[in-house]
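Below: the structure, in structure tokens.
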Amino acid sequence: MLVASQLIDPFVDYAFMRRALVACAALALGAGPVGVFLVLRRMSLMGDAMSHAILPGVALGFLLAGLSVPAMSVGGLGAGILVAVLSGLATRYTRGAEDANFAAFFSISLALGVLLISVKGNAVDLTHVLFGSILAVDDSSLILVASVATVSLFAFALILRPLAVECFDPIFLSVVDGAGGRWHLIFLVLVVLNLVSGFQALGTLMAVGLMMLPAITARLWTQGLGRMMVIAAAIALMSGYCGLLISFYANLPSGPSIVLAAGTVHLLSLIVGTEGGVIRRFLHPRHLRG
Amino acid sequence: MIILDDLTLGYDRHPAVHHASGRFEQASMTAVVGPNGAGKSTLLKGIVGLIKPQSGRVKLSGIDKRDIAYSPQVAEMDLTFPLSVLDAVCLGHWRRTGAFGAITPRLRQEALYALGGVGLDGFDDRSLESLSVGQRQRALFARVIVADASVIILDEPFAAVDAGTTLDLLELMRVWRMQGRTVIAVVHDLDLVRNHFPHCLLLAREIVAWGPTEQVLIADNLETLRNRTEAWDEHAPVCERGAA
């Protein structure tokens with residue numbers, strides 16, 4: 001069974017491939033559900049904005065401590081939450097819409113980040129931060145990624161109901177639960193956490209792809225919220241595995257390979273998806289009796 | 001009993017409800033009537049605490065804030081959100097489950113029973129998006145039934161609802177009133193108010209009239225309502241009423 005063994009061998013033979021696979025699995029479990037809620041809250045582009053927002057924090061961590069996972073993660077987390085809170089406050093107390101405020105603050109943040117890196121670092125560092133390198137995932141990164149996935153899953157189990165109601169009927173929620181954007185804020189923290197955990201494996205740019213693509217794809221396959229989150233995580237997991245294999249055999253960078261694998265699943269789903277895929281649209285099954 | 005005490009509600013200092021006073025008695029059934037922009041929805045939001053008064057206050061006498069069930073306009077919801085009809089109805093249990101509590105089989109059964117009560121048997125697993133406007137309104141009524149609240153506040157429950165559904169929902173409201181619940185609803189159809197609502201509140205930013213429907217819906221008052229052209233005045237002076 002030559003082919004079958006080729007699907008497993010890289011992970012059996014090489015420790016860095018095993019680590020990469022475990023990192024992908026953990027990322028998929030956390031980022032899948034986060035992505036689903038970003039899509040449902042009509043914030044699909046917010047993940048992208050947020051991934052740019054964490055850059056100055058990551059850069060600061062890098063400047064202070066070099067390529068240290070904890071320093072860069074704490075920095076990214078801080079920058080992300082700061083941007084989230086500032087845009088949240090601006091939305092609440094001024095006239096601007098939330099997406100506009102996000103755009104404003106992440107632009108500032110991104111420029112600061114690029115400035116910081118170019119002052120002290122070099123192009124290689126910038127490339128590393130932007131595109132990551134999942135094949136260089138070490139123990140501390142693995143622990144971070146796994147912790148974030150664990151926290152995310154528990155947090156979702158806990159706040160799923162208020163989070164869903166806040167999208168579905170926000171006025172009802174404020175009547176029964178009181179005002180205040182605490183669920184939204186917790187959710188934004190989860191978004192930042194998952195992007196930070198993704199950035200060193202996939203880079204800030206590619207982490208968003210693994211978060212959003214499977215989530216958007218999941219909507220083409222189901223109408224149920226729970227199923228959507230499971231399908232998103234499964235697609236992310238599958239894309240991670242396939243992307244790693246492709247990058248191994250074709251000697252391609254892993255981050256883009258993984259995201260492109262997810263992209264392929266998405267393009268196929270656009271055609272064959274059971275909930276609104278193109279084929280479904282053009283098939284005209286005979287109508288029912290009632 | 002809900003008492004409005006010189007209540008002013010608004011946005012950006014401009015009042016949408018101006019110096020409103022009066023009371024909704026327990027077990028009363030009141031229609032709130034007025035032209036677009038009269039402050040009807042604002043008044044309801046003020047009562048349930050979604051908007052803070054700019055002056056005056058809402059006093060709840062003998063009821064807890066949590067005894068109020070409020071159903072906003074359908075237009076203010078995201079019906080594309082992937083929730084089943086049963087999920088949405090179960091939200092009525094919030095007072096018992098809170099944000100984290102489980103929907104027990106008993107609570108689920110109650111929700112299914114409420115769905116049957118509004119004529120939506122078998123719709124529990126459907127998505128809200130797939131329902132017609134009237135069916136959605138029925139589902140929202142089921143959510144109110146499940147909440148088992150002593151005060152029920154509905155914003156335009158009959159908007160875009162057909163005659164048959166309207167009669168069904170009115171029957172439900174009559175039962176609520178018989179059970180001693182207080183019902184407040186924004187309604188546009190005056191004939192419907194005359195035939196089914198014992199009390200009526202005419203609102204055009206200020207209260208034009210409030211009391212038994214047959215004394216409120218008279219030609220004089222309706223004429224006043226029509227003539228209240230409420231032009232938006234960007235440079236309105238500060239209101240001195242009630243300042244002393």
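Each chain in the structure tokens gets a letter, A, B, ..., in the order shown, and its residues are numbered from 1; ligands are numbered from 1 in order too.
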
At a cut-off of 9 Å, can you tabulate as CSV every residue of chain A near chain B together with its closest atom pair and the distance in Å to one decimal, using only C-alpha atoms and ordering rows by chain then number?
residue,atom,partner,partner_atom,distance
A:Leu40,CA,B:Phe81,CA,6.7
A:Arg41,CA,B:Phe81,CA,8.7
A:Leu158,CA,B:Phe100,CA,6.4
A:Ile159,CA,B:Phe100,CA,7.1
A:Leu160,CA,B:Phe100,CA,8.5
A:Arg161,CA,B:Ala99,CA,6.2
A:Pro162,CA,B:Ala99,CA,5.8
A:Ala164,CA,B:Phe81,CA,8.1
A:Val165,CA,B:Leu91,CA,8.3
A:Cys167,CA,B:Asp78,CA,6.7
A:Phe168,CA,B:Asp78,CA,4.8
A:Asp169,CA,B:Met77,CA,4.8
A:Pro170,CA,B:Met77,CA,7.3
A:Ile171,CA,B:Pro72,CA,7.0
A:Phe172,CA,B:Ser71,CA,7.1
A:Ser174,CA,B:Leu50,CA,7.1
A:Val175,CA,B:Leu50,CA,6.6
A:Val176,CA,B:Trp94,CA,7.0
A:Asp177,CA,B:Ala99,CA,7.9
A:Gly178,CA,B:Leu50,CA,8.4
A:Ala179,CA,B:Leu50,CA,7.7
A:Gln223,CA,B:Pro82,CA,5.6
A:Gly224,CA,B:Pro82,CA,5.5
A:Leu225,CA,B:Pro82,CA,5.5

For CA of Leu7 in chain B and CA of Leu203 in chain B, quote the distance in Å rounded to one decimal.
13.0 Å

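Excluding Glu171 in chain B and any residue on its chain fewer than 3 positions from it, the residues at most 12 Å away by only C-alpha atoms are Gly117, Val118, Phe141, Gly164, Thr165, Thr166, Leu167, Asp168, Arg174, Val175, Trp176, Arg177, Met178, His196 and Phe197 of chain B.
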
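Residue nearest Phe199 in chain A within the list A:Ile108, A:Leu144, A:Ala232, A:Leu86: A:Leu144 [criterion: smallest interatomic distance, only C-alpha atoms].
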
Hey, what's within 7 Å of Leu60 in chain B if we count only C-alpha atoms and toss same-chain stuff fewer than 6 positions away? As a PyMOL selection string, please?
chain B and resi 1-3

Could you turn the residues from that selection into a file that holds N, CA and C atoms, as a PDB file, in the first residue's frame?
ATOM      1  N   MET B   1     -49.034  46.826  38.315  1.00  0.00           N
ATOM      2  CA  MET B   1     -49.384  48.141  37.792  1.00  0.00           C
ATOM      3  C   MET B   1     -48.113  48.882  37.361  1.00  0.00           C
ATOM      4  N   ILE B   2     -48.208  49.530  36.196  1.00  0.00           N
ATOM      5  CA  ILE B   2     -47.066  50.296  35.693  1.00  0.00           C
ATOM      6  C   ILE B   2     -47.452  51.770  35.684  1.00  0.00           C
ATOM      7  N   ILE B   3     -46.668  52.598  36.361  1.00  0.00           N
ATOM      8  CA  ILE B   3     -47.002  54.023  36.463  1.00  0.00           C
ATOM      9  C   ILE B   3     -45.964  54.859  35.714  1.00  0.00           C
TER      10      ILE B   3
END

Which residues in range 51-216 of chain B does DSSP call alpha helix (DSSP H)? List them as a PDB file with N, CA and C atoms, in the first residue's frame.
ATOM      1  N   VAL B  85     -37.162  26.999  15.196  1.00  0.00           N
ATOM      2  CA  VAL B  85     -38.318  27.632  15.822  1.00  0.00           C
ATOM      3  C   VAL B  85     -38.367  27.264  17.304  1.00  0.00           C
ATOM      4  N   LEU B  86     -38.105  25.990  17.598  1.00  0.00           N
ATOM      5  CA  LEU B  86     -38.164  25.545  18.997  1.00  0.00           C
ATOM      6  C   LEU B  86     -37.102  26.252  19.840  1.00  0.00           C
ATOM      7  N   ASP B  87     -35.887  26.406  19.284  1.00  0.00           N
ATOM      8  CA  ASP B  87     -34.825  27.138  19.997  1.00  0.00           C
ATOM      9  C   ASP B  87     -35.323  28.524  20.373  1.00  0.00           C
ATOM     10  N   ALA B  88     -35.907  29.212  19.388  1.00  0.00           N
ATOM     11  CA  ALA B  88     -36.349  30.588  19.611  1.00  0.00           C
ATOM     12  C   ALA B  88     -37.421  30.634  20.689  1.00  0.00           C
ATOM     13  N   VAL B  89     -38.351  29.677  20.657  1.00  0.00           N
ATOM     14  CA  VAL B  89     -39.428  29.665  21.643  1.00  0.00           C
ATOM     15  C   VAL B  89     -38.873  29.375  23.040  1.00  0.00           C
ATOM     16  N   CYS B  90     -37.892  28.481  23.089  1.00  0.00           N
ATOM     17  CA  CYS B  90     -37.296  28.112  24.384  1.00  0.00           C
ATOM     18  C   CYS B  90     -36.629  29.320  25.064  1.00  0.00           C
ATOM     19  N   TRP B  94     -35.973  32.125  29.576  1.00  0.00           N
ATOM     20  CA  TRP B  94     -34.746  32.755  30.083  1.00  0.00           C
ATOM     21  C   TRP B  94     -34.810  33.041  31.596  1.00  0.00           C
ATOM     22  N   ARG B  95     -35.989  33.502  32.066  1.00  0.00           N
ATOM     23  CA  ARG B  95     -36.125  33.845  33.482  1.00  0.00           C
ATOM     24  C   ARG B  95     -35.781  32.638  34.358  1.00  0.00           C
ATOM     25  N   ARG B  96     -36.055  31.432  33.868  1.00  0.00           N
ATOM     26  CA  ARG B  96     -35.749  30.229  34.647  1.00  0.00           C
ATOM     27  C   ARG B  96     -34.354  29.685  34.339  1.00  0.00           C
ATOM     28  N   THR B  97     -33.929  29.765  33.086  1.00  0.00           N
ATOM     29  CA  THR B  97     -32.641  29.146  32.736  1.00  0.00           C
ATOM     30  C   THR B  97     -31.475  30.120  32.863  1.00  0.00           C
ATOM     31  N   PRO B 105     -36.061  18.637  29.714  1.00  0.00           N
ATOM     32  CA  PRO B 105     -37.131  18.075  28.881  1.00  0.00           C
ATOM     33  C   PRO B 105     -38.487  18.702  29.208  1.00  0.00           C
ATOM     34  N   ARG B 106     -38.704  19.059  30.476  1.00  0.00           N
ATOM     35  CA  ARG B 106     -39.994  19.645  30.849  1.00  0.00           C
ATOM     36  C   ARG B 106     -40.160  21.021  30.193  1.00  0.00           C
ATOM     37  N   LEU B 107     -39.093  21.841  30.247  1.00  0.00           N
ATOM     38  CA  LEU B 107     -39.156  23.172  29.629  1.00  0.00           C
ATOM     39  C   LEU B 107     -39.363  23.052  28.124  1.00  0.00           C
ATOM     40  N   ARG B 108     -38.706  22.048  27.542  1.00  0.00           N
ATOM     41  CA  ARG B 108     -38.835  21.794  26.113  1.00  0.00           C
ATOM     42  C   ARG B 108     -40.269  21.433  25.767  1.00  0.00           C
ATOM     43  N   GLN B 109     -40.841  20.591  26.630  1.00  0.00           N
ATOM     44  CA  GLN B 109     -42.217  20.155  26.415  1.00  0.00           C
ATOM     45  C   GLN B 109     -43.160  21.359  26.476  1.00  0.00           C
ATOM     46  N   GLU B 110     -42.915  22.252  27.434  1.00  0.00           N
ATOM     47  CA  GLU B 110     -43.739  23.458  27.556  1.00  0.00           C
ATOM     48  C   GLU B 110     -43.665  24.288  26.282  1.00  0.00           C
ATOM     49  N   ALA B 111     -42.457  24.386  25.729  1.00  0.00           N
ATOM     50  CA  ALA B 111     -42.273  25.175  24.501  1.00  0.00           C
ATOM     51  C   ALA B 111     -43.035  24.524  23.340  1.00  0.00           C
ATOM     52  N   LEU B 112     -42.972  23.179  23.254  1.00  0.00           N
ATOM     53  CA  LEU B 112     -43.697  22.479  22.196  1.00  0.00           C
ATOM     54  C   LEU B 112     -45.201  22.691  22.344  1.00  0.00           C
ATOM     55  N   TYR B 113     -45.645  22.676  23.594  1.00  0.00           N
ATOM     56  CA  TYR B 113     -47.055  22.873  23.879  1.00  0.00           C
ATOM     57  C   TYR B 113     -47.489  24.282  23.442  1.00  0.00           C
ATOM     58  N   ALA B 114     -46.616  25.269  23.739  1.00  0.00           N
ATOM     59  CA  ALA B 114     -46.922  26.652  23.348  1.00  0.00           C
ATOM     60  C   ALA B 114     -46.987  26.772  21.826  1.00  0.00           C
ATOM     61  N   LEU B 115     -46.091  26.074  21.140  1.00  0.00           N
ATOM     62  CA  LEU B 115     -46.112  26.094  19.672  1.00  0.00           C
ATOM     63  C   LEU B 115     -47.426  25.544  19.151  1.00  0.00           C
ATOM     64  N   GLY B 116     -47.893  24.455  19.782  1.00  0.00           N
ATOM     65  CA  GLY B 116     -49.192  23.907  19.412  1.00  0.00           C
ATOM     66  C   GLY B 116     -50.285  24.936  19.644  1.00  0.00           C
ATOM     67  N   GLY B 117     -50.163  25.667  20.741  1.00  0.00           N
ATOM     68  CA  GLY B 117     -51.169  26.660  21.111  1.00  0.00           C
ATOM     69  C   GLY B 117     -51.308  27.785  20.097  1.00  0.00           C
ATOM     70  N   VAL B 133     -44.310  35.548   7.390  1.00  0.00           N
ATOM     71  CA  VAL B 133     -44.335  36.642   8.363  1.00  0.00           C
ATOM     72  C   VAL B 133     -45.306  36.333   9.510  1.00  0.00           C
ATOM     73  N   GLY B 134     -46.489  35.858   9.146  1.00  0.00           N
ATOM     74  CA  GLY B 134     -47.491  35.556  10.162  1.00  0.00           C
ATOM     75  C   GLY B 134     -47.052  34.419  11.074  1.00  0.00           C
ATOM     76  N   GLN B 135     -46.416  33.401  10.474  1.00  0.00           N
ATOM     77  CA  GLN B 135     -45.938  32.272  11.280  1.00  0.00           C
ATOM     78  C   GLN B 135     -44.852  32.706  12.251  1.00  0.00           C
ATOM     79  N   ARG B 136     -43.992  33.641  11.803  1.00  0.00           N
ATOM     80  CA  ARG B 136     -42.955  34.156  12.709  1.00  0.00           C
ATOM     81  C   ARG B 136     -43.597  34.859  13.894  1.00  0.00           C
ATOM     82  N   GLN B 137     -44.629  35.656  13.590  1.00  0.00           N
ATOM     83  CA  GLN B 137     -45.302  36.367  14.662  1.00  0.00           C
ATOM     84  C   GLN B 137     -45.927  35.375  15.638  1.00  0.00           C
ATOM     85  N   ARG B 138     -46.482  34.284  15.086  1.00  0.00           N
ATOM     86  CA  ARG B 138     -47.031  33.241  15.956  1.00  0.00           C
ATOM     87  C   ARG B 138     -45.941  32.637  16.830  1.00  0.00           C
ATOM     88  N   ALA B 139     -44.784  32.404  16.223  1.00  0.00           N
ATOM     89  CA  ALA B 139     -43.670  31.822  16.988  1.00  0.00           C
ATOM     90  C   ALA B 139     -43.263  32.766  18.122  1.00  0.00           C
ATOM     91  N   LEU B 140     -43.247  34.074  17.840  1.00  0.00           N
ATOM     92  CA  LEU B 140     -42.892  35.042  18.885  1.00  0.00           C
ATOM     93  C   LEU B 140     -43.937  35.040  20.001  1.00  0.00           C
ATOM     94  N   PHE B 141     -45.191  34.850  19.624  1.00  0.00           N
ATOM     95  CA  PHE B 141     -46.232  34.748  20.651  1.00  0.00           C
ATOM     96  C   PHE B 141     -45.991  33.506  21.514  1.00  0.00           C
ATOM     97  N   ALA B 142     -45.552  32.427  20.876  1.00  0.00           N
ATOM     98  CA  ALA B 142     -45.252  31.214  21.638  1.00  0.00           C
ATOM     99  C   ALA B 142     -44.139  31.488  22.647  1.00  0.00           C
ATOM    100  N   ARG B 143     -43.165  32.314  22.231  1.00  0.00           N
ATOM    101  CA  ARG B 143     -42.080  32.659  23.154  1.00  0.00           C
ATOM    102  C   ARG B 143     -42.629  33.443  24.349  1.00  0.00           C
ATOM    103  N   VAL B 144     -43.595  34.321  24.080  1.00  0.00           N
ATOM    104  CA  VAL B 144     -44.206  35.087  25.165  1.00  0.00           C
ATOM    105  C   VAL B 144     -45.005  34.177  26.088  1.00  0.00           C
ATOM    106  N   ILE B 145     -45.728  33.206  25.491  1.00  0.00           N
ATOM    107  CA  ILE B 145     -46.503  32.262  26.308  1.00  0.00           C
ATOM    108  C   ILE B 145     -45.580  31.534  27.277  1.00  0.00           C
ATOM    109  N   VAL B 146     -44.449  31.065  26.725  1.00  0.00           N
ATOM    110  CA  VAL B 146     -43.495  30.296  27.514  1.00  0.00           C
ATOM    111  C   VAL B 146     -42.940  31.123  28.666  1.00  0.00           C
ATOM    112  N   ALA B 147     -42.791  32.441  28.434  1.00  0.00           N
ATOM    113  CA  ALA B 147     -42.209  33.300  29.471  1.00  0.00           C
ATOM    114  C   ALA B 147     -43.119  33.389  30.690  1.00  0.00           C
ATOM    115  N   ALA B 163     -55.731  38.231   8.454  1.00  0.00           N
ATOM    116  CA  ALA B 163     -56.890  38.390   9.332  1.00  0.00           C
ATOM    117  C   ALA B 163     -57.058  37.198  10.269  1.00  0.00           C
ATOM    118  N   GLY B 164     -56.901  35.996   9.722  1.00  0.00           N
ATOM    119  CA  GLY B 164     -57.098  34.803  10.538  1.00  0.00           C
ATOM    120  C   GLY B 164     -56.112  34.749  11.693  1.00  0.00           C
ATOM    121  N   THR B 165     -54.840  34.993  11.382  1.00  0.00           N
ATOM    122  CA  THR B 165     -53.812  34.972  12.424  1.00  0.00           C
ATOM    123  C   THR B 165     -54.078  36.061  13.448  1.00  0.00           C
ATOM    124  N   THR B 166     -54.480  37.253  12.978  1.00  0.00           N
ATOM    125  CA  THR B 166     -54.766  38.346  13.898  1.00  0.00           C
ATOM    126  C   THR B 166     -55.831  37.920  14.907  1.00  0.00           C
ATOM    127  N   LEU B 167     -56.907  37.279  14.415  1.00  0.00           N
ATOM    128  CA  LEU B 167     -57.973  36.855  15.324  1.00  0.00           C
ATOM    129  C   LEU B 167     -57.460  35.818  16.323  1.00  0.00           C
ATOM    130  N   ASP B 168     -56.625  34.877  15.828  1.00  0.00           N
ATOM    131  CA  ASP B 168     -56.053  33.878  16.735  1.00  0.00           C
ATOM    132  C   ASP B 168     -55.231  34.547  17.833  1.00  0.00           C
ATOM    133  N   LEU B 169     -54.403  35.518  17.431  1.00  0.00           N
ATOM    134  CA  LEU B 169     -53.519  36.168  18.401  1.00  0.00           C
ATOM    135  C   LEU B 169     -54.345  37.009  19.381  1.00  0.00           C
ATOM    136  N   LEU B 170     -55.397  37.647  18.869  1.00  0.00           N
ATOM    137  CA  LEU B 170     -56.269  38.438  19.747  1.00  0.00           C
ATOM    138  C   LEU B 170     -56.935  37.552  20.796  1.00  0.00           C
ATOM    139  N   GLU B 171     -57.352  36.347  20.353  1.00  0.00           N
ATOM    140  CA  GLU B 171     -57.969  35.407  21.283  1.00  0.00           C
ATOM    141  C   GLU B 171     -56.990  35.054  22.405  1.00  0.00           C
ATOM    142  N   LEU B 172     -55.739  34.865  21.993  1.00  0.00           N
ATOM    143  CA  LEU B 172     -54.690  34.558  22.967  1.00  0.00           C
ATOM    144  C   LEU B 172     -54.547  35.704  23.965  1.00  0.00           C
ATOM    145  N   MET B 173     -54.587  36.943  23.460  1.00  0.00           N
ATOM    146  CA  MET B 173     -54.442  38.103  24.337  1.00  0.00           C
ATOM    147  C   MET B 173     -55.633  38.217  25.290  1.00  0.00           C
ATOM    148  N   ARG B 174     -56.811  37.821  24.792  1.00  0.00           N
ATOM    149  CA  ARG B 174     -57.992  37.860  25.647  1.00  0.00           C
ATOM    150  C   ARG B 174     -57.817  36.874  26.813  1.00  0.00           C
ATOM    151  N   VAL B 175     -57.297  35.687  26.478  1.00  0.00           N
ATOM    152  CA  VAL B 175     -57.053  34.687  27.521  1.00  0.00           C
ATOM    153  C   VAL B 175     -56.052  35.226  28.540  1.00  0.00           C
ATOM    154  N   TRP B 176     -55.002  35.880  28.043  1.00  0.00           N
ATOM    155  CA  TRP B 176     -54.001  36.445  28.959  1.00  0.00           C
ATOM    156  C   TRP B 176     -54.649  37.410  29.942  1.00  0.00           C
ATOM    157  N   ARG B 177     -55.551  38.237  29.404  1.00  0.00           N
ATOM    158  CA  ARG B 177     -56.184  39.233  30.256  1.00  0.00           C
ATOM    159  C   ARG B 177     -57.077  38.542  31.294  1.00  0.00           C
ATOM    160  N   MET B 178     -57.791  37.491  30.861  1.00  0.00           N
ATOM    161  CA  MET B 178     -58.627  36.744  31.797  1.00  0.00           C
ATOM    162  C   MET B 178     -57.779  36.143  32.913  1.00  0.00           C
ATOM    163  N   LEU B 190     -57.479  50.914  13.788  1.00  0.00           N
ATOM    164  CA  LEU B 190     -58.379  51.502  14.784  1.00  0.00           C
ATOM    165  C   LEU B 190     -59.615  50.633  15.025  1.00  0.00           C
ATOM    166  N   ASP B 191     -60.132  50.003  13.958  1.00  0.00           N
ATOM    167  CA  ASP B 191     -61.297  49.138  14.148  1.00  0.00           C
ATOM    168  C   ASP B 191     -60.968  47.988  15.084  1.00  0.00           C
ATOM    169  N   LEU B 192     -59.775  47.462  14.879  1.00  0.00           N
ATOM    170  CA  LEU B 192     -59.327  46.358  15.716  1.00  0.00           C
ATOM    171  C   LEU B 192     -59.229  46.801  17.176  1.00  0.00           C
ATOM    172  N   VAL B 193     -58.730  48.024  17.377  1.00  0.00           N
ATOM    173  CA  VAL B 193     -58.619  48.551  18.742  1.00  0.00           C
ATOM    174  C   VAL B 193     -60.019  48.686  19.339  1.00  0.00           C
ATOM    175  N   ARG B 194     -60.940  49.273  18.563  1.00  0.00           N
ATOM    176  CA  ARG B 194     -62.313  49.479  19.054  1.00  0.00           C
ATOM    177  C   ARG B 194     -62.953  48.164  19.475  1.00  0.00           C
ATOM    178  N   ASN B 195     -62.738  47.119  18.675  1.00  0.00           N
ATOM    179  CA  ASN B 195     -63.441  45.864  18.915  1.00  0.00           C
ATOM    180  C   ASN B 195     -62.781  44.973  19.960  1.00  0.00           C
ATOM    181  N   HIS B 196     -61.500  45.155  20.208  1.00  0.00           N
ATOM    182  CA  HIS B 196     -60.816  44.167  21.044  1.00  0.00           C
ATOM    183  C   HIS B 196     -60.045  44.735  22.231  1.00  0.00           C
ATOM    184  N   THR B 213     -61.401  52.825  25.685  1.00  0.00           N
ATOM    185  CA  THR B 213     -61.267  53.041  24.249  1.00  0.00           C
ATOM    186  C   THR B 213     -62.378  53.905  23.668  1.00  0.00           C
ATOM    187  N   GLU B 214     -63.637  53.653  24.114  1.00  0.00           N
ATOM    188  CA  GLU B 214     -64.744  54.398  23.499  1.00  0.00           C
ATOM    189  C   GLU B 214     -64.671  55.890  23.826  1.00  0.00           C
ATOM    190  N   GLN B 215     -63.965  56.247  24.919  1.00  0.00           N
ATOM    191  CA  GLN B 215     -63.829  57.669  25.234  1.00  0.00           C
ATOM    192  C   GLN B 215     -62.587  58.291  24.595  1.00  0.00           C
ATOM    193  N   VAL B 216     -61.652  57.413  24.191  1.00  0.00           N
ATOM    194  CA  VAL B 216     -60.387  57.918  23.633  1.00  0.00           C
ATOM    195  C   VAL B 216     -60.468  58.070  22.118  1.00  0.00           C
TER     196      VAL B 216
END
